[in-house]
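Below is work19.txt, holding compact mmCIF, C-alpha atoms.
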```txt
# COMPACT_ATOMS: atom_id res chain seq x y z
CA MET A 26 23.04 5.77 -14.96
CA ALA A 27 20.00 5.56 -12.73
CA HIS A 28 21.14 2.22 -11.34
CA ALA A 29 24.84 3.02 -11.08
CA ARG A 30 26.41 2.30 -7.72
CA PRO A 31 27.81 5.25 -5.80
CA ILE A 32 31.53 5.60 -6.51
CA ALA A 33 32.32 5.33 -2.80
CA THR A 34 31.26 1.68 -2.71
CA THR A 35 33.54 0.64 -5.54
CA ARG A 36 36.58 2.90 -5.61
CA SER A 37 39.42 1.93 -3.36
CA ALA A 38 43.04 3.05 -3.34
CA THR A 39 44.00 0.19 -1.04
CA GLY A 40 42.59 -2.53 -3.23
CA ILE A 41 40.25 -3.50 -0.42
CA PRO A 42 36.53 -3.14 -1.23
CA THR A 43 35.23 0.00 0.53
CA PRO A 44 32.70 -1.72 2.85
CA ARG A 45 35.37 -4.09 4.10
CA LEU A 46 37.85 -1.22 4.46
CA ALA A 47 35.25 0.64 6.53
CA ILE A 48 34.58 -2.26 8.86
CA TRP A 49 38.32 -2.76 9.39
CA TRP A 50 38.60 0.91 10.37
CA ILE A 51 35.79 0.41 12.86
CA VAL A 52 37.59 -2.65 14.25
CA ALA A 53 40.87 -0.67 14.46
CA SER A 54 39.17 2.06 16.51
CA GLU A 55 37.41 -0.51 18.69
CA VAL A 56 40.77 -2.11 19.45
CA VAL A 57 41.77 1.09 21.23
CA ILE A 58 38.43 1.39 23.04
CA PHE A 59 38.29 -2.18 24.37
CA GLY A 60 42.06 -2.59 24.61
CA GLY A 61 42.34 0.59 26.66
CA LEU A 62 39.51 -0.46 28.93
CA LEU A 63 40.96 -3.91 29.47
CA GLY A 64 44.50 -2.57 29.95
CA VAL A 65 43.35 -0.09 32.58
CA TYR A 66 41.38 -2.85 34.30
CA LEU A 67 44.43 -5.13 34.47
CA MET A 68 46.63 -2.34 35.85
CA HIS A 69 44.11 -1.55 38.56
CA ARG A 70 43.64 -5.23 39.34
CA ILE A 71 47.37 -5.65 39.93
CA GLY A 72 47.48 -2.53 42.14
CA HIS A 73 44.40 -3.55 44.13
CA PRO A 74 44.73 -6.94 45.85
CA GLU A 75 41.39 -6.32 47.58
CA TRP A 76 39.58 -6.75 44.26
CA ALA A 77 40.19 -10.49 44.57
CA GLU A 78 37.30 -10.68 47.02
CA ALA A 79 34.88 -8.81 44.75
CA ALA A 80 36.04 -10.72 41.67
CA SER A 81 35.47 -14.03 43.43
CA HIS A 82 31.72 -13.32 43.19
CA THR A 83 31.51 -13.33 39.38
CA GLN A 84 29.84 -16.48 38.09
CA THR A 85 32.44 -18.48 36.18
CA TRP A 86 30.02 -21.00 34.70
CA LEU A 87 27.71 -18.36 33.24
CA GLY A 88 30.72 -16.61 31.72
CA ALA A 89 31.95 -19.95 30.34
CA ILE A 90 28.57 -20.83 28.79
CA ASN A 91 28.48 -17.39 27.18
CA THR A 92 31.97 -17.94 25.77
CA PHE A 93 30.76 -21.19 24.20
CA VAL A 94 27.67 -19.40 22.80
CA LEU A 95 29.73 -16.61 21.22
CA LEU A 96 32.34 -18.99 19.75
CA THR A 97 29.51 -21.01 18.20
CA SER A 98 27.82 -17.87 16.83
CA SER A 99 31.13 -16.88 15.24
CA PHE A 100 31.24 -20.31 13.59
CA THR A 101 27.72 -19.87 12.13
CA ALA A 102 28.64 -16.32 11.00
CA VAL A 103 31.64 -17.58 9.05
CA LEU A 104 29.54 -20.38 7.52
CA ALA A 105 27.02 -17.69 6.46
CA HIS A 106 29.87 -15.83 4.77
CA GLN A 107 30.88 -19.03 3.01
CA ALA A 108 27.30 -19.59 1.80
CA ALA A 109 27.01 -15.98 0.61
CA GLU A 110 30.19 -16.37 -1.43
CA LYS A 111 28.62 -19.31 -3.21
CA GLY A 112 25.57 -17.14 -3.92
CA LYS A 113 23.37 -19.15 -1.55
CA GLY A 114 21.37 -16.25 -0.10
CA LYS A 115 18.78 -18.35 1.72
CA GLU A 116 21.44 -20.54 3.31
CA ALA A 117 23.36 -17.43 4.39
CA ALA A 118 20.18 -15.91 5.85
CA LYS A 119 19.47 -19.09 7.81
CA LEU A 120 23.00 -19.16 9.23
CA LEU A 121 22.81 -15.46 10.13
CA GLY A 122 19.55 -16.37 11.89
CA PHE A 123 21.45 -18.92 14.00
CA THR A 124 24.01 -16.23 14.78
CA ILE A 125 21.29 -13.82 15.92
CA LEU A 126 19.88 -16.64 18.05
CA GLY A 127 23.34 -16.95 19.63
CA ALA A 128 23.37 -13.20 20.31
CA MET A 129 19.98 -13.46 22.01
CA MET A 130 21.10 -16.42 24.13
CA PHE A 131 24.21 -14.50 25.13
CA LEU A 132 22.12 -11.50 26.20
CA MET A 133 19.62 -13.64 28.11
CA ILE A 134 22.38 -15.39 30.03
CA LYS A 135 24.03 -12.02 30.68
CA SER A 136 20.74 -10.58 31.97
CA TYR A 137 20.25 -13.56 34.28
CA GLU A 138 23.83 -13.16 35.53
CA TRP A 139 23.46 -9.42 36.15
CA TYR A 140 20.10 -9.93 37.83
CA GLY A 141 21.78 -12.23 40.33
CA GLU A 142 24.70 -9.88 40.91
CA ILE A 143 22.52 -6.80 41.38
CA ALA A 144 20.11 -8.67 43.68
CA ALA A 145 23.13 -9.64 45.81
CA GLY A 146 24.09 -5.96 46.11
CA TYR A 147 26.93 -5.99 43.60
CA THR A 148 25.86 -2.91 41.64
CA ILE A 149 27.92 -0.68 39.38
CA THR A 150 28.54 1.69 42.31
CA ALA A 151 29.42 -1.03 44.87
CA ASN A 152 33.17 -0.56 44.29
CA THR A 153 35.64 0.05 41.48
CA PHE A 154 35.86 -3.63 40.54
CA TRP A 155 32.13 -3.79 39.87
CA SER A 156 32.29 -0.47 37.99
CA PHE A 157 34.81 -2.03 35.62
CA TYR A 158 32.84 -5.26 35.41
CA TYR A 159 29.62 -3.56 34.33
CA THR A 160 31.35 -1.02 32.09
CA ALA A 161 33.41 -3.59 30.18
CA ALA A 162 30.73 -6.28 29.92
CA GLY A 163 28.03 -3.66 29.31
CA LEU A 164 29.90 -1.96 26.47
CA HIS A 165 30.49 -5.40 24.99
CA ALA A 166 26.80 -6.30 25.35
CA LEU A 167 25.84 -3.07 23.53
CA HIS A 168 28.04 -4.25 20.66
CA VAL A 169 26.26 -7.62 20.70
CA ILE A 170 22.87 -5.86 20.52
CA ALA A 171 23.96 -3.54 17.69
CA GLY A 172 25.49 -6.43 15.75
CA ALA A 173 22.38 -8.60 16.10
CA ILE A 174 20.08 -5.80 14.86
CA ILE A 175 22.24 -5.02 11.81
CA MET A 176 22.58 -8.73 11.12
CA GLY A 177 18.79 -8.96 11.04
CA PHE A 178 18.59 -6.41 8.21
CA ILE A 179 21.40 -8.13 6.31
CA ALA A 180 19.77 -11.55 6.74
CA VAL A 181 16.50 -10.25 5.24
CA ASP A 182 18.38 -8.89 2.21
CA ALA A 183 20.44 -12.06 1.89
CA TYR A 184 17.26 -14.17 1.94
CA ARG A 185 16.10 -12.23 -1.12
CA GLY A 186 19.51 -12.72 -2.73
CA ARG A 187 20.49 -9.06 -2.40
CA GLU A 188 23.71 -7.42 -1.14
CA LEU A 189 25.33 -10.74 -0.30
CA HIS A 190 28.74 -9.08 0.17
CA ARG A 191 27.40 -7.53 3.37
CA VAL A 192 27.35 -10.97 5.01
CA GLU A 193 31.15 -10.91 5.12
CA ILE A 194 31.19 -7.36 6.51
CA ILE A 195 28.86 -8.08 9.44
CA GLY A 196 30.83 -11.30 9.96
CA ILE A 197 34.10 -9.41 10.46
CA TYR A 198 32.37 -7.19 13.02
CA TRP A 199 30.82 -10.19 14.76
CA HIS A 200 34.11 -12.07 15.02
CA PHE A 201 35.65 -8.96 16.54
CA VAL A 202 32.90 -8.90 19.18
CA ASP A 203 33.78 -12.55 19.82
CA VAL A 204 37.50 -11.69 20.13
CA VAL A 205 36.71 -8.94 22.66
CA TRP A 206 34.83 -11.49 24.77
CA ILE A 207 37.74 -13.94 24.47
CA PHE A 208 39.86 -11.28 26.21
CA LEU A 209 37.22 -10.17 28.73
CA PHE A 210 36.47 -13.72 29.87
CA PRO A 211 39.82 -14.57 31.58
CA PRO A 212 40.23 -11.49 33.81
CA LEU A 213 36.56 -11.21 34.79
CA TYR A 214 35.73 -14.91 35.25
CA ILE A 215 38.69 -17.28 35.48
CA ALA A 216 42.00 -15.66 36.47
CA LYS A 217 40.46 -13.37 39.04
CA MET B 23 24.43 -26.28 7.84
CA SER B 24 26.65 -26.33 4.84
CA GLU B 25 27.63 -29.74 3.54
CA ASN B 26 31.14 -28.58 2.80
CA ASN B 27 33.25 -26.64 5.26
CA ASP B 28 36.11 -25.65 3.02
CA GLY B 29 36.22 -21.91 2.60
CA HIS B 30 36.64 -20.55 -0.91
CA ASP B 31 37.46 -16.90 -0.53
CA ASP B 32 39.96 -15.45 -2.96
CA GLY B 33 41.30 -18.91 -3.48
CA HIS B 34 42.23 -19.79 0.11
CA HIS B 35 40.92 -22.82 1.96
CA VAL B 36 39.96 -22.84 5.58
CA ASN B 37 38.59 -25.81 7.45
CA TYR B 38 36.06 -23.81 9.49
CA ARG B 39 34.78 -26.81 11.40
CA GLY B 40 38.34 -27.73 12.37
CA ILE B 41 39.02 -24.20 13.58
CA TYR B 42 35.77 -24.21 15.57
CA ILE B 43 36.63 -27.53 17.25
CA ALA B 44 40.14 -26.23 18.04
CA LEU B 45 38.55 -23.11 19.60
CA LEU B 46 36.27 -25.27 21.77
CA ILE B 47 39.17 -27.44 22.95
CA LEU B 48 41.24 -24.34 23.80
CA PHE B 49 38.22 -22.90 25.58
CA LEU B 50 37.91 -26.01 27.77
CA ILE B 51 41.63 -25.83 28.62
CA SER B 52 41.30 -22.13 29.47
CA VAL B 53 38.55 -22.94 31.98
CA ALA B 54 40.13 -26.10 33.44
CA GLY B 55 43.70 -24.75 33.64
CA PRO B 56 43.03 -21.92 36.11
CA GLU B 57 40.83 -24.24 38.24
CA ILE B 58 43.71 -26.70 38.52
CA GLY B 59 46.21 -23.87 38.94
CA GLU B 60 44.23 -22.46 41.85
CA ARG B 61 43.82 -25.81 43.59
CA MET B 62 47.47 -26.77 43.23
CA GLY B 63 48.78 -23.28 44.02
CA LEU B 64 50.40 -22.79 40.60
CA PRO B 65 49.81 -19.14 39.63
CA TRP B 66 51.81 -19.52 36.40
CA LEU B 67 49.45 -22.27 35.21
CA THR B 68 46.50 -19.96 35.83
CA LEU B 69 48.07 -17.08 33.92
CA VAL B 70 49.29 -19.18 30.98
CA THR B 71 46.04 -21.09 30.50
CA ALA B 72 43.84 -18.03 30.99
CA PHE B 73 45.67 -15.28 29.11
CA GLY B 74 48.03 -17.29 26.87
CA ILE B 75 45.19 -19.35 25.45
CA ALA B 76 43.07 -16.21 24.96
CA ILE B 77 45.78 -14.93 22.62
CA VAL B 78 45.89 -18.22 20.69
CA LYS B 79 42.07 -18.27 20.39
CA ALA B 80 41.97 -14.65 19.23
CA ARG B 81 44.64 -15.37 16.59
CA LEU B 82 42.63 -18.32 15.27
CA VAL B 83 39.48 -16.20 14.98
CA ILE B 84 41.23 -13.15 13.50
CA ASN B 85 43.22 -15.10 10.91
CA ASN B 86 40.66 -17.71 9.88
CA PHE B 87 37.20 -16.27 10.59
CA MET B 88 37.97 -12.61 9.90
CA HIS B 89 40.35 -13.70 7.12
CA LEU B 90 42.99 -11.19 8.16
CA ALA B 91 45.64 -13.70 7.09
CA TRP B 92 44.54 -13.16 3.47
CA GLU B 93 43.77 -9.44 3.76
CA LYS B 94 45.89 -6.76 2.05
CA ARG B 95 49.01 -5.92 4.02
CA ILE B 96 48.01 -2.29 4.63
CA MET B 97 45.08 -3.42 6.78
CA LYS B 98 47.40 -5.47 8.97
CA TRP B 99 49.53 -2.35 9.46
CA VAL B 100 46.49 -0.24 10.33
CA LEU B 101 45.37 -2.77 12.94
CA ALA B 102 48.91 -3.19 14.26
CA THR B 103 49.12 0.60 14.67
CA SER B 104 45.94 0.54 16.75
CA VAL B 105 47.30 -2.22 18.95
CA ILE B 106 50.66 -0.43 19.38
CA LEU B 107 48.98 2.89 20.26
CA MET B 108 46.80 1.08 22.78
CA PHE B 109 49.85 -0.54 24.41
CA LEU B 110 51.67 2.82 24.42
CA MET B 111 48.78 4.43 26.26
CA VAL B 112 48.60 1.61 28.80
CA ALA B 113 52.38 1.59 29.31
CA GLY B 114 52.39 5.38 29.65
CA VAL B 115 49.87 5.49 32.47
CA SER B 116 50.92 2.23 34.13
CA PRO B 117 53.46 3.73 36.58
CA ASP B 118 50.79 6.06 37.96
CA VAL B 119 48.05 3.46 38.06
CA MET B 120 49.93 0.42 39.32
CA ASN B 121 52.04 2.16 41.96
CA HIS B 122 50.38 3.95 44.79
CA GLU B 123 53.38 6.12 45.58
CA GLY B 124 56.46 7.50 43.87
CA ASN B 125 59.41 9.74 44.73
CA ASN B 126 57.35 12.86 45.21
CA TRP B 127 53.80 11.67 45.39
CA GLU B 128 51.48 9.33 47.19
CA ASN B 129 48.03 8.15 46.10
CA LEU B 130 46.34 8.14 49.49
CA ALA B 131 42.89 7.41 48.06
CA ALA B 132 44.16 4.23 46.37
CA LYS B 133 46.05 3.12 49.47
CA GLU B 134 42.98 3.65 51.62
CA ALA B 135 40.85 1.80 49.08
CA VAL B 136 43.22 -1.18 49.28
CA GLN B 137 43.14 -1.26 53.07
CA ARG B 138 39.41 -0.72 53.32
CA GLY B 139 38.76 -3.36 50.67
CA LEU B 140 41.01 -5.94 52.31
CA ALA B 141 39.45 -5.22 55.68
CA GLU B 142 35.98 -5.71 54.24
CA ALA B 143 37.13 -8.89 52.54
CA ALA B 144 38.24 -10.17 55.93
CA GLY B 145 34.68 -9.74 57.18
CA TYR B 146 35.01 -6.33 58.73
CA SER B 147 32.92 -3.39 57.58
CA ASP B 148 34.83 -0.12 57.82
CA GLU B 149 32.15 2.38 58.84
CA GLU B 150 32.61 5.93 60.11
CA GLY B 151 34.05 5.89 63.61
CA GLU B 152 35.29 2.36 63.16
CA ALA B 153 34.80 0.25 66.22
CA ALA B 154 37.82 -1.92 66.74
CA GLU B 155 35.91 -4.06 69.23
CA GLU B 156 33.32 -4.90 66.62
CA ALA B 157 36.09 -5.88 64.24
CA GLU B 158 37.62 -8.13 66.85
CA VAL B 159 34.33 -9.89 67.38
CA VAL B 160 33.78 -10.42 63.65
CA VAL B 161 37.25 -11.77 63.05
CA ALA B 162 37.28 -13.79 66.26
CA ALA B 163 34.13 -15.64 65.23
CA GLY B 164 35.96 -17.63 62.57
CA PHE B 165 39.58 -16.80 63.13
CA SER B 166 42.44 -19.03 62.15
CA ALA B 167 45.89 -17.65 61.41
CA ALA B 168 46.21 -19.84 58.31
CA THR B 169 42.88 -18.66 56.83
CA SER B 170 43.61 -15.06 57.62
CA TYR B 171 47.06 -15.37 56.08
CA GLY B 172 45.49 -16.92 52.97
CA GLN B 173 42.89 -14.15 52.66
CA ILE B 174 45.08 -11.13 53.35
CA CYS B 175 48.81 -11.80 53.34
CA ALA B 176 49.03 -14.43 50.57
CA THR B 177 47.86 -12.01 47.87
CA CYS B 178 51.32 -10.39 48.07
CA HIS B 179 53.49 -12.73 50.16
CA GLY B 180 52.33 -15.90 48.37
CA ALA B 181 50.53 -18.97 49.74
CA GLU B 182 53.86 -20.54 50.73
CA GLY B 183 55.35 -17.29 52.03
CA ALA B 184 57.83 -17.01 49.15
CA GLY B 185 56.81 -13.43 48.32
CA ASP B 186 55.31 -14.57 45.01
CA GLY B 187 51.62 -13.63 45.42
CA ILE B 188 49.90 -12.44 42.24
CA ALA B 189 49.21 -8.93 43.56
CA GLY B 190 52.78 -8.60 44.77
CA ALA B 191 54.35 -9.09 41.35
CA ALA B 192 54.15 -5.39 40.52
CA LEU B 193 55.27 -4.06 43.90
CA ASP B 194 58.57 -2.30 44.36
CA PRO B 195 60.15 -3.17 46.70
CA ALA B 196 58.91 -6.73 46.21
CA PRO B 197 56.96 -8.35 49.09
CA ALA B 198 59.07 -10.09 51.70
CA ASN B 199 60.04 -13.68 50.98
CA PHE B 200 59.65 -15.43 54.35
CA THR B 201 61.39 -18.56 53.06
CA ASP B 202 64.58 -16.63 52.36
CA LEU B 203 67.12 -16.70 55.18
CA ALA B 204 68.54 -13.35 54.02
CA PHE B 205 65.20 -11.74 54.89
CA TRP B 206 65.42 -12.95 58.48
CA ASN B 207 69.07 -11.92 58.72
CA ASP B 208 68.25 -8.31 57.80
CA PRO B 209 69.51 -6.11 60.67
CA ILE B 210 66.08 -4.42 61.05
CA ARG B 211 64.62 -7.67 62.36
CA THR B 212 67.47 -9.74 63.80
CA ASP B 213 67.05 -8.14 67.22
CA ASN B 214 63.95 -9.55 68.95
CA VAL B 215 62.49 -10.87 65.72
CA ARG B 216 59.14 -11.84 67.21
CA GLU B 217 58.44 -8.32 68.43
CA ARG B 218 59.51 -6.88 65.05
CA VAL B 219 57.19 -9.12 63.04
CA LEU B 220 54.34 -8.32 65.40
CA THR B 221 54.98 -4.59 65.00
CA VAL B 222 54.97 -4.82 61.20
CA ILE B 223 51.72 -6.78 61.07
CA ARG B 224 50.07 -4.45 63.56
CA ASP B 225 51.48 -1.06 62.53
CA GLY B 226 52.74 -1.56 58.97
CA GLY B 227 56.20 -1.62 57.38
CA PRO B 228 57.25 1.98 58.18
CA ALA B 229 56.96 1.20 61.92
CA ILE B 230 60.30 -0.64 61.72
CA GLY B 231 61.72 1.26 58.75
CA ALA B 232 60.51 -1.21 56.10
CA SER B 233 58.35 -0.57 53.00
CA ALA B 234 55.12 1.45 53.35
CA LEU B 235 53.51 -0.99 50.90
CA MET B 236 53.15 -3.31 53.89
CA ALA B 237 49.92 -1.97 55.38
CA PRO B 238 49.03 -2.00 59.10
CA TRP B 239 46.48 -4.67 60.07
CA GLY B 240 46.25 -4.08 63.83
CA ALA B 241 42.64 -2.89 63.70
CA LEU B 242 41.51 -6.27 62.43
CA TYR B 243 42.82 -8.53 65.18
CA THR B 244 42.92 -9.02 68.89
CA ASP B 245 46.33 -9.21 70.54
CA ASP B 246 46.06 -12.99 70.81
CA GLN B 247 45.20 -13.28 67.14
CA LEU B 248 48.16 -11.08 66.22
CA GLU B 249 50.40 -13.45 68.18
CA GLU B 250 49.00 -16.36 66.21
CA MET B 251 49.64 -14.51 62.97
CA VAL B 252 53.25 -13.97 64.07
CA ASP B 253 53.60 -17.71 64.80
CA PHE B 254 52.25 -18.48 61.35
CA VAL B 255 54.65 -16.10 59.60
CA LEU B 256 57.58 -17.41 61.67
CA SER B 257 56.68 -20.95 60.57
CA PHE B 258 57.94 -20.04 57.07
CA ARG B 259 61.38 -19.21 58.43
CA PRO B 260 63.99 -21.68 57.20
CA ASN B 261 66.45 -23.24 59.60
CA PRO B 262 69.80 -21.46 59.44
```
I'd like the structure from this file rewritten - as structure tokens, please.
Amino acid sequence: MAHARPIATTRSATGIPTPRLAIWWIVASEVVIFGGLLGVYLMHRIGHPEWAEAASHTQTWLGAINTFVLLTSSFTAVLAHQAAEKGKGKEAAKLLGFTILGAMMFLMIKSYEWYGEIAAGYTITANTFWSFYYTAAGLHALHVIAGAIIMGFIAVDAYRGRELHRVEIIGIYWHFVDVVWIFLFPPLYIAK
Amino acid sequence: MSENNDGHDDGHHVNYRGIYIALLILFLISVAGPEIGERMGLPWLTLVTAFGIAIVKARLVINNFMHLAWEKRIMKWVLATSVILMFLMVAGVSPDVMNHEGNNWENLAAKEAVQRGLAEAAGYSDEEGEAAEEAEVVVAAGFSAATSYGQICATCHGAEGAGDGIAGAALDPAPANFTDLAFWNDPIRTDNVRERVLTVIRDGGPAIGASALMAPWGALYTDDQLEEMVDFVLSFRPNP
């Protein structure tokens, strides 16, 4: 039994494989974290007409490019999942590599954007709008960083043809990070 | 890239490339819509294209990329519970967050933040020992009643004076609709209407017995500018 898998990875009362069940639980808890943050932002935004001025300084085009980058990285992540299901480990690893590249582009654009904002004096303590802006986008960026790092480990394994089921798991997480951005983009960049 | 984009997971087929293209098209609409909405003064277009399309995009990703559509039903219930709890929390705190006063309470800090923020937005920095003269100079430098109305009043009273500004949607009582004859026929302003409007803009709603949500703006303007603001507001008044 030296090579037996731990029971926890195979047994499931729900009929959902345990790793996938676990990532769905993480997503369910993240819904409350990001949903709560966004909900509180929207309520404050409606109660504070003066935020319109602060919000008018966010850079729509950088936010839009980042939306495109994340949507594309979600596409490569789902193609990686598809390749993994067909047992094509190398193909899956390559596609995860593209996804990580997308994560890095997203973070570089975000850094450039924040550099400009901070240089112009719009820091996290400037007013409550900017506090929300940096908290929401910053928490999201932390998720992008965490996802990219984990994806790196999974891509290495996938390249060697090991643990291919994990490609789907990191994919679900990554698409959720994409969905969070889909909801952060309108209030922070377009319907300000 | 893969030569074949049909997904084969538990027997379901998803055209991933098609979904991706649909997401990009929706994304372009969600950027263009609010731009057009803003230029044409159509707040509903902005809201629908920005937030409505976000929901459609999220559904596409969740169902087709995360494969929730094919997931066991219990997981959908777990996620739905999360979403419902989140909405309950938001709805529960919304009266305290969105209103700045209630029957027995008043959020002075929030009210001051609104006034200070709007004053700063109008080009006036609210320092300790605020110097009204300084404010007059700053505003006078580029003053026009229409611009000032657009920057300050329109957020609640709407660009066309119909009381339909985005920030005003949540206010109770609702912001005044200057295009409504009933507003002008209200007894609190029928007598010497010009003086009444001037008083409200300068000293706030309570000065004539109207809503305290209408803040005083007197510190921002010279007397002449206030008169111009009154003219501008009166220009919305319909002919009886």
For this session: Determine, counting only C-alpha atoms, which protein, DNA and RNA residues have an atom within 7 Å of an atom of Ala117 (chain A); residues of the same chain fewer than 4 positions away are not included. Present the result as a list in words.
Result: Ala105, His106, Ala108, Ala109, Lys113, Leu121 and Ala183 of chain A
Problem set entry | Within 7 Å of chain B: residues of chain A, using all atoms listed in the file, as an MDAnalysis selection string | chainID A and resid 41 53:54 56:57 60:61 64:65 68:69 71:75 78 100 103 107 197 200 204 207:208 211 215:216
Counting all atoms listed in the file, what is within 6 Å of Thr124 (chain A), bar same-chain residues fewer than 6 positions away, as an mmCIF file with C-alpha atoms, in the coordinates of the input?
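Result saved to out_16.cif:
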```cif
data_model
loop_
_atom_site.group_PDB
_atom_site.id
_atom_site.type_symbol
_atom_site.label_atom_id
_atom_site.label_comp_id
_atom_site.auth_asym_id
_atom_site.auth_seq_id
_atom_site.Cartn_x
_atom_site.Cartn_y
_atom_site.Cartn_z
ATOM 1 C CA SER A 98 27.820 -17.870 16.830
ATOM 2 C CA THR A 101 27.720 -19.870 12.130
ATOM 3 C CA ALA A 102 28.640 -16.320 11.000
#
```
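Coordinates place CA of Ala198 (chain B) at a distance of 5.3 Å from CA of Gly185 (chain B).
You can rank B:Ser170, B:Asp213, B:Leu256, B:Arg61 by their closest distance to Trp239 (chain B) using only C-alpha atoms, and at the top of that list sits B:Ser170.
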Show which residues sit within 8 Å of Leu189 (chain A), as a JSON list (two decimals) with C-alpha atoms, keeping the file's coordinate frame. Count all atoms listed in the file, and ignore same-chain residues fewer than 4 positions away.
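Output contents, as saved in selection_11.json:
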```json
[["chain", "number", "residue", "atom", "x", "y", "z"],
["A", 109, "ALA", "CA", 27.01, -15.98, 0.61],
["A", 110, "GLU", "CA", 30.19, -16.37, -1.43],
["A", 112, "GLY", "CA", 25.57, -17.14, -3.92],
["A", 114, "GLY", "CA", 21.37, -16.25, -0.10],
["A", 182, "ASP", "CA", 18.38, -8.89, 2.21],
["A", 183, "ALA", "CA", 20.44, -12.06, 1.89],
["A", 193, "GLU", "CA", 31.15, -10.91, 5.12]]
```
Exercise. What is the CA of Ala118 (chain A) to CA of Ala173 (chain A) distance in Å?
Worked result: 12.8 Å
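Across A:Leu62, A:Ala47, A:Val205, A:Ala180, the tightest approach to Glu116 (chain A) is made by A:Ala180 when counting only C-alpha atoms.
Coordinates place CA of Glu138 (chain A) at a distance of 7.3 Å from CA of Gln84 (chain A).
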Report, as lines of an AutoDock Vina configuration file, the axis-aligned box around all atoms of region 120-129 of chain B present in the file, extended by 6 Å on each side; give centre and edge lengths in Å to one decimal place.
```
center_x = 53.7
center_y = 6.6
center_z = 43.3
size_x = 23.4
size_y = 24.4
size_z = 19.9
```
